[in-house]
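Colleague: Dropping a structure here in structure tokens format, bear with me for questions.
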Amino acid sequence: MNAHPSIPADTWTVAGRTFSSRLIVGTGKYKSFEENAAAVEASGAEIVTVAVRRVNVTDPNAPRLSDFIDPTKIVYLPNTAGCFTAEEAMRTLRLAREAGGWNLVKLEVLAEAKTLYPDMIETIRATELLAKEGFEVMVYCTDDPIMTKRCENAGAVAVMPLGAPIGSGLGVQNPVTIRLIVEQSRVPVLVDAGVGTASDAAAAMELGCDGVLMNTAIAEAKEPVLMAHAMRHAVAAGRLAYRAGRMAKRRYADPSSPLAGLI
């Protein structure tokens, strides 16, 4: 979405790649590849996440995501959704690099299936090993400032704290810790998981995050393409509000017009 000409351009950079859109969208749960592609276009996203373990690599006659979302125009971000150990995640990303040449990747190492919370011990171990192999690792992590700093120190090129459990749609549950993560991080911070509607995306951006990643919020909306368009505007509005600097909160009223000198 183009800003007003008087507003300076506002891009973000990860691993040497610069993007204008601060919205990253997923490619799961859509009714069809056509719907997914239309939602990506409406969102204005320049990056899409792709679950490597769910990609069709065996049947050349079956439709593929790349037939609908052009990887020469949209950056594919392979992720390790569904992996529960560091070894499993690393093997998956090595396969992705072998198949598509991808170095910029999203790491998820889950602790258990009910909450889909990340196993931070395995996540940090995998981050360090993958970074040594030349991967540029964007890391899904808990909203814990200590853990995100350890991910960064392990070589992460971006940290992606959850706003709420994956697919829950609850919005950012811990804004205080997200803000602490933003304040301390030297790499991009993107809220990943938990966004349910446009106001959640705007709230995440108002905390100073560099971006928001979402899948279910768009894919499971009654009108996914319409929701994708809404999220595009919400992320842009939240970023503008953060740049503008919000007014101070007050306990009592403060008149918009001075009370002194009234007729």
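Residue names in the structure tokens use chain letters A, B, ... in the order shown, residue numbers from 1 in each chain, and ligand numbers from 1 in the order shown.
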For Ala51 of chain A, list every protein, DNA or RNA residue within 9 Å, evaluated using only C-alpha atoms, and leave out those in the same chain fewer than 4 positions away; present the list as a PyMOL selection string.

Modeller: chain A and resi 26-28+55+77-82

Colleague: Can those selected residues be exported to a file as a compact mmCIF listing (two decimals), in the first residue's frame so that it contains N, CA, C and O atoms?

Modeller:
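Contents of selection-v8.txt, freshly written:
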# COMPACT_ATOMS: atom_id res chain seq x y z
N GLY A 26 0.95 -17.08 5.26
CA GLY A 26 1.18 -18.50 5.09
C GLY A 26 0.46 -19.06 3.88
O GLY A 26 -0.28 -18.36 3.18
N THR A 27 0.68 -20.35 3.65
CA THR A 27 0.08 -21.01 2.48
C THR A 27 -0.65 -22.29 2.86
O THR A 27 -0.78 -23.20 2.04
N GLY A 28 -1.13 -22.35 4.09
CA GLY A 28 -1.88 -23.53 4.53
C GLY A 28 -3.34 -23.19 4.81
O GLY A 28 -3.70 -22.03 4.98
N VAL A 55 4.85 -30.01 1.13
CA VAL A 55 4.98 -29.64 -0.28
C VAL A 55 4.99 -30.88 -1.15
O VAL A 55 5.63 -31.89 -0.82
N LEU A 77 9.53 -18.63 1.89
CA LEU A 77 10.23 -18.83 3.16
C LEU A 77 9.92 -20.24 3.66
O LEU A 77 8.89 -20.47 4.30
N PRO A 78 10.77 -21.22 3.36
CA PRO A 78 10.51 -22.58 3.82
C PRO A 78 10.49 -22.64 5.34
O PRO A 78 11.31 -22.00 6.00
N ASN A 79 9.54 -23.36 5.89
CA ASN A 79 9.50 -23.51 7.35
C ASN A 79 9.42 -24.98 7.75
O ASN A 79 9.15 -25.85 6.92
N THR A 80 9.67 -25.20 9.03
CA THR A 80 9.73 -26.57 9.54
C THR A 80 8.50 -26.92 10.36
O THR A 80 8.60 -27.63 11.36
N ALA A 81 7.35 -26.43 9.94
CA ALA A 81 6.10 -26.76 10.64
C ALA A 81 5.96 -28.27 10.77
O ALA A 81 6.19 -29.01 9.82
N GLY A 82 5.60 -28.70 11.98
CA GLY A 82 5.42 -30.13 12.22
C GLY A 82 6.65 -30.85 12.71
O GLY A 82 6.60 -32.07 12.93

Colleague: Write out as a list of chain:residue names which residues come within 10 Å of Glu41 of chain A when counting only C-alpha atoms, dropping same-chain ones fewer than 2 positions away.

Modeller: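 The neighbour list is A:Glu35, A:Asn36, A:Ala37, A:Ala38, A:Ala39, A:Ser43, A:Gly44, A:Ala45, A:Glu46, A:Ile69, A:Ile74, A:Val225, A:Ala228, A:His229.
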
Colleague: Determine, using only C-alpha atoms, which residues of segment 130-214 of chain A have any atom at most 8 Å from an atom of segment 94-114 of chain A, and tabulate each with its shortest atom pair and distance in Å to one decimal place, rows ordered by chain and then rising number, as CSV.

Modeller:
residue,atom,partner,partner_atom,distance
A:Gly134,CA,A:Asn103,CA,7.1
A:Phe135,CA,A:Asn103,CA,4.8
A:Glu136,CA,A:Leu104,CA,4.6
A:Val137,CA,A:Val105,CA,5.2
A:Met138,CA,A:Lys106,CA,4.7
A:Val139,CA,A:Leu107,CA,4.9
A:Tyr140,CA,A:Glu108,CA,5.4
A:Cys141,CA,A:Glu108,CA,7.7

Colleague: Write out as a short mmCIF file (atom, residue, chain, number, x, y, z; two decimals) with N, CA, C and O atoms, in the first residue's frame each polymer residue whose atoms come within 7 Å of Glu122 of chain A, counting only C-alpha atoms; drop sequence neighbours fewer than 3 positions from it.

Modeller:
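And here's around_16.cif as it stands now:
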data_model
loop_
_atom_site.label_atom_id
_atom_site.label_comp_id
_atom_site.auth_asym_id
_atom_site.auth_seq_id
_atom_site.Cartn_x
_atom_site.Cartn_y
_atom_site.Cartn_z
N THR A 85 11.88 -32.03 16.83
CA THR A 85 13.27 -32.13 17.32
C THR A 85 14.15 -31.27 16.43
O THR A 85 13.82 -30.99 15.27
N ALA A 86 15.31 -30.89 16.98
CA ALA A 86 16.26 -30.10 16.21
C ALA A 86 16.72 -30.88 14.97
O ALA A 86 16.82 -30.32 13.87
N VAL A 109 10.62 -25.48 16.00
CA VAL A 109 10.80 -26.77 16.67
C VAL A 109 9.79 -26.80 17.81
O VAL A 109 9.92 -26.09 18.81
N ASP A 119 9.80 -25.57 21.51
CA ASP A 119 10.77 -26.11 22.45
C ASP A 119 12.02 -25.25 22.32
O ASP A 119 12.79 -25.37 21.37
N ARG A 125 19.42 -24.71 19.91
CA ARG A 125 20.45 -25.63 19.43
C ARG A 125 20.41 -25.71 17.90
O ARG A 125 21.46 -25.64 17.24
N ALA A 126 19.20 -25.82 17.34
CA ALA A 126 19.07 -25.90 15.89
C ALA A 126 19.49 -24.60 15.22
O ALA A 126 20.13 -24.62 14.16
#

Colleague: Between atom CA of Gly171 of chain A and atom CA of Ala154 of chain A, what distance in Å does the model show, to one decimal?

Modeller: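 Atom CA of Gly171 of chain A sits 27.9 Å away from atom CA of Ala154 of chain A.
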
Colleague: Which is closest to Leu180 of chain A among A:Arg64, A:His233, A:Lys132, A:Lys149, if we use only C-alpha atoms?

Modeller: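 Of A:Arg64, A:His233, A:Lys132, A:Lys149, the one nearest Leu180 of chain A, counting only C-alpha atoms, is A:Lys149.
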
Colleague: Rank nothing, just name the residue among A:Asp70, A:Leu65, A:Thr127, A:Gly245 nearest to Met90 of chain A, using only C-alpha atoms.

Modeller: A:Thr127

Colleague: Please provide the set of residues having any atom within 12 Å of Thr11 of chain A, restricted to only C-alpha atoms, with same-chain residues fewer than 6 positions apart removed, written as a PyMOL selection string.

Modeller: chain A and resi 2-3+17-23+46+188+210-211+236+239

Colleague: Using C-alpha atoms, can you write the selected residues to a file as a compact mmCIF listing (two decimals), in the first residue's frame?

Modeller:
# COMPACT_ATOMS: atom_id res chain seq x y z
CA ASN A 2 1.48 3.32 -1.07
CA ALA A 3 1.89 5.94 1.63
CA ARG A 17 17.00 -8.45 1.70
CA THR A 18 14.82 -5.35 1.84
CA PHE A 19 11.02 -5.41 1.75
CA SER A 20 8.27 -2.81 1.64
CA SER A 21 5.44 -4.99 2.96
CA ARG A 22 5.63 -5.86 6.65
CA LEU A 23 3.00 -8.59 6.33
CA GLU A 46 6.26 -10.06 -0.54
CA PRO A 188 14.01 -7.77 13.11
CA ASP A 210 9.05 -4.99 12.21
CA GLY A 211 6.29 -7.17 10.86
CA ALA A 236 0.38 -0.38 7.52
CA ARG A 239 3.31 0.87 11.67

Colleague: For segment 190-198 of chain A, find every residue with an atom within 9 Å (counting only C-alpha atoms), except residues of its own chain fewer than 3 positions away, and show them as a ChimeraX atom specification.

Modeller: /A:22,140-141,143,158-173,178,201-205,209-218,221,227,230-235

Colleague: From a DSSP calculation on the backbone, collect every residue of segment 17-65 of chain A in helix (DSSP H, G or I) and output the set as a VMD selection string.

Modeller: chain A and resid 33 to 43 52 to 54 65

Colleague: Put those residues in a file: all heavy atoms, as a tab-separated table (two decimals), in the first residue's frame.

Modeller:
chain	number	residue	atom	x	y	z
A	33	PHE	N	-5.48	-23.50	-4.17
A	33	PHE	CA	-4.32	-22.68	-4.51
A	33	PHE	C	-4.76	-21.34	-5.09
A	33	PHE	O	-4.10	-20.32	-4.88
A	33	PHE	CB	-3.44	-23.41	-5.52
A	33	PHE	CG	-2.61	-24.53	-4.93
A	33	PHE	CD1	-2.51	-25.75	-5.58
A	33	PHE	CD2	-1.92	-24.36	-3.74
A	33	PHE	CE1	-1.73	-26.77	-5.05
A	33	PHE	CE2	-1.14	-25.38	-3.20
A	33	PHE	CZ	-1.06	-26.59	-3.86
A	34	GLU	N	-5.86	-21.35	-5.83
A	34	GLU	CA	-6.36	-20.11	-6.43
A	34	GLU	C	-6.74	-19.10	-5.35
A	34	GLU	O	-6.41	-17.91	-5.45
A	34	GLU	CB	-7.58	-20.39	-7.33
A	34	GLU	CG	-7.26	-21.13	-8.61
A	34	GLU	CD	-7.31	-22.65	-8.46
A	34	GLU	OE1	-7.38	-23.14	-7.31
A	34	GLU	OE2	-7.28	-23.35	-9.49
A	35	GLU	N	-7.42	-19.57	-4.31
A	35	GLU	CA	-7.81	-18.68	-3.21
A	35	GLU	C	-6.57	-18.17	-2.47
A	35	GLU	O	-6.48	-16.99	-2.11
A	35	GLU	CB	-8.73	-19.42	-2.23
A	35	GLU	CG	-9.21	-18.55	-1.08
A	35	GLU	CD	-10.11	-19.32	-0.13
A	35	GLU	OE1	-9.59	-20.19	0.61
A	35	GLU	OE2	-11.33	-19.05	-0.12
A	36	ASN	N	-5.61	-19.05	-2.28
A	36	ASN	CA	-4.37	-18.67	-1.61
A	36	ASN	C	-3.67	-17.56	-2.40
A	36	ASN	O	-3.22	-16.55	-1.85
A	36	ASN	CB	-3.48	-19.90	-1.49
A	36	ASN	CG	-2.30	-19.71	-0.53
A	36	ASN	OD1	-1.60	-20.67	-0.22
A	36	ASN	ND2	-2.05	-18.51	-0.06
A	37	ALA	N	-3.56	-17.75	-3.71
A	37	ALA	CA	-2.89	-16.76	-4.56
A	37	ALA	C	-3.63	-15.42	-4.54
A	37	ALA	O	-2.99	-14.35	-4.50
A	37	ALA	CB	-2.80	-17.29	-5.99
A	38	ALA	N	-4.95	-15.47	-4.57
A	38	ALA	CA	-5.73	-14.22	-4.54
A	38	ALA	C	-5.55	-13.50	-3.21
A	38	ALA	O	-5.47	-12.26	-3.16
A	38	ALA	CB	-7.21	-14.53	-4.77
A	39	ALA	N	-5.46	-14.26	-2.11
A	39	ALA	CA	-5.25	-13.65	-0.79
A	39	ALA	C	-3.86	-13.03	-0.69
A	39	ALA	O	-3.70	-11.94	-0.14
A	39	ALA	CB	-5.44	-14.70	0.30
A	40	VAL	N	-2.86	-13.70	-1.24
A	40	VAL	CA	-1.50	-13.15	-1.22
A	40	VAL	C	-1.47	-11.84	-1.99
A	40	VAL	O	-0.89	-10.84	-1.54
A	40	VAL	CB	-0.49	-14.16	-1.81
A	40	VAL	CG1	0.87	-13.50	-2.02
A	40	VAL	CG2	-0.35	-15.37	-0.90
A	41	GLU	N	-2.12	-11.81	-3.13
A	41	GLU	CA	-2.14	-10.58	-3.92
A	41	GLU	C	-2.85	-9.45	-3.17
A	41	GLU	O	-2.37	-8.31	-3.12
A	41	GLU	CB	-2.83	-10.82	-5.26
A	41	GLU	CG	-2.84	-9.60	-6.16
A	41	GLU	CD	-3.44	-9.86	-7.53
A	41	GLU	OE1	-3.93	-11.00	-7.76
A	41	GLU	OE2	-3.45	-8.94	-8.36
A	42	ALA	N	-3.97	-9.77	-2.53
A	42	ALA	CA	-4.72	-8.75	-1.79
A	42	ALA	C	-3.94	-8.26	-0.58
A	42	ALA	O	-4.06	-7.10	-0.19
A	42	ALA	CB	-6.06	-9.33	-1.35
A	43	SER	N	-3.13	-9.13	0.01
A	43	SER	CA	-2.38	-8.76	1.21
A	43	SER	C	-1.20	-7.84	0.91
A	43	SER	O	-0.70	-7.15	1.80
A	43	SER	CB	-1.85	-10.02	1.90
A	43	SER	OG	-0.75	-10.58	1.19
A	52	VAL	N	7.65	-27.14	4.37
A	52	VAL	CA	8.41	-28.05	3.51
A	52	VAL	C	7.84	-29.46	3.57
A	52	VAL	O	7.77	-30.16	2.56
A	52	VAL	CB	9.89	-28.06	3.93
A	52	VAL	CG1	10.69	-29.05	3.08
A	52	VAL	CG2	10.48	-26.66	3.82
A	53	ARG	N	7.41	-29.89	4.74
A	53	ARG	CA	6.95	-31.27	4.90
A	53	ARG	C	5.60	-31.53	4.24
A	53	ARG	O	5.18	-32.68	4.12
A	53	ARG	CB	6.88	-31.63	6.39
A	53	ARG	CG	8.21	-31.47	7.11
A	53	ARG	CD	8.12	-31.96	8.53
A	53	ARG	NE	8.06	-33.42	8.58
A	53	ARG	CZ	7.73	-34.11	9.67
A	53	ARG	NH1	7.41	-33.48	10.79
A	53	ARG	NH2	7.71	-35.42	9.66
A	54	ARG	N	4.93	-30.45	3.78
A	54	ARG	CA	3.63	-30.62	3.14
A	54	ARG	C	3.67	-30.29	1.65
A	54	ARG	O	2.65	-30.28	0.99
A	54	ARG	CB	2.59	-29.74	3.84
A	54	ARG	CG	2.41	-30.07	5.32
A	54	ARG	CD	1.19	-29.38	5.90
A	54	ARG	NE	1.10	-29.61	7.35
A	54	ARG	CZ	1.47	-28.74	8.27
A	54	ARG	NH1	1.94	-27.57	7.91
A	54	ARG	NH2	1.36	-29.02	9.56
A	65	LEU	N	2.04	-25.29	-5.57
A	65	LEU	CA	1.89	-23.90	-5.14
A	65	LEU	C	2.57	-22.94	-6.11
A	65	LEU	O	2.04	-21.87	-6.42
A	65	LEU	CB	2.48	-23.73	-3.74
A	65	LEU	CG	2.38	-22.34	-3.12
A	65	LEU	CD1	0.92	-21.98	-2.82
A	65	LEU	CD2	3.21	-22.26	-1.84

Colleague: Nearest to Leu116 of chain A among A:Phe84, A:Met247, A:Ala131, A:Asp144, with distances taken over only C-alpha atoms: which residue is it?

Modeller: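 Smallest separation from Leu116 of chain A among the options: A:Phe84.
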
Colleague: Mind pulling up the distance from atom CA of Thr115 of chain A to atom CA of Ile146 of chain A?

Modeller: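 Computing it gives 20.6 Å between the two atoms.
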
Colleague: Run DSSP on the backbone of this structure and report the residues of segment 105-249 of chain A it assigns to strand (DSSP E or B), as a count of residues only.

Modeller: 23

Colleague: Nearest residue to Asp200 of chain A out of A:Arg91, A:Arg179, A:Gly238, A:Ala219, using only C-alpha atoms?

Modeller: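 Among A:Arg91, A:Arg179, A:Gly238, A:Ala219, it is A:Gly238 that comes nearest to Asp200 of chain A.
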
Colleague: Using only C-alpha atoms, which protein or nucleic acid residues come within 8 Å of segment 240-243 of chain A? Drop anything in the same chain fewer than 5 positions from it, and give the result as a list in words.

Modeller: Met205, Glu206, Leu207 and Gly208 of chain A

Colleague: When distances are computed from only C-alpha atoms, which of A:Ile181, A:Ile121, A:Val187, A:Ala62 shows the smallest separation from Gly16 of chain A?

Modeller: A:Val187
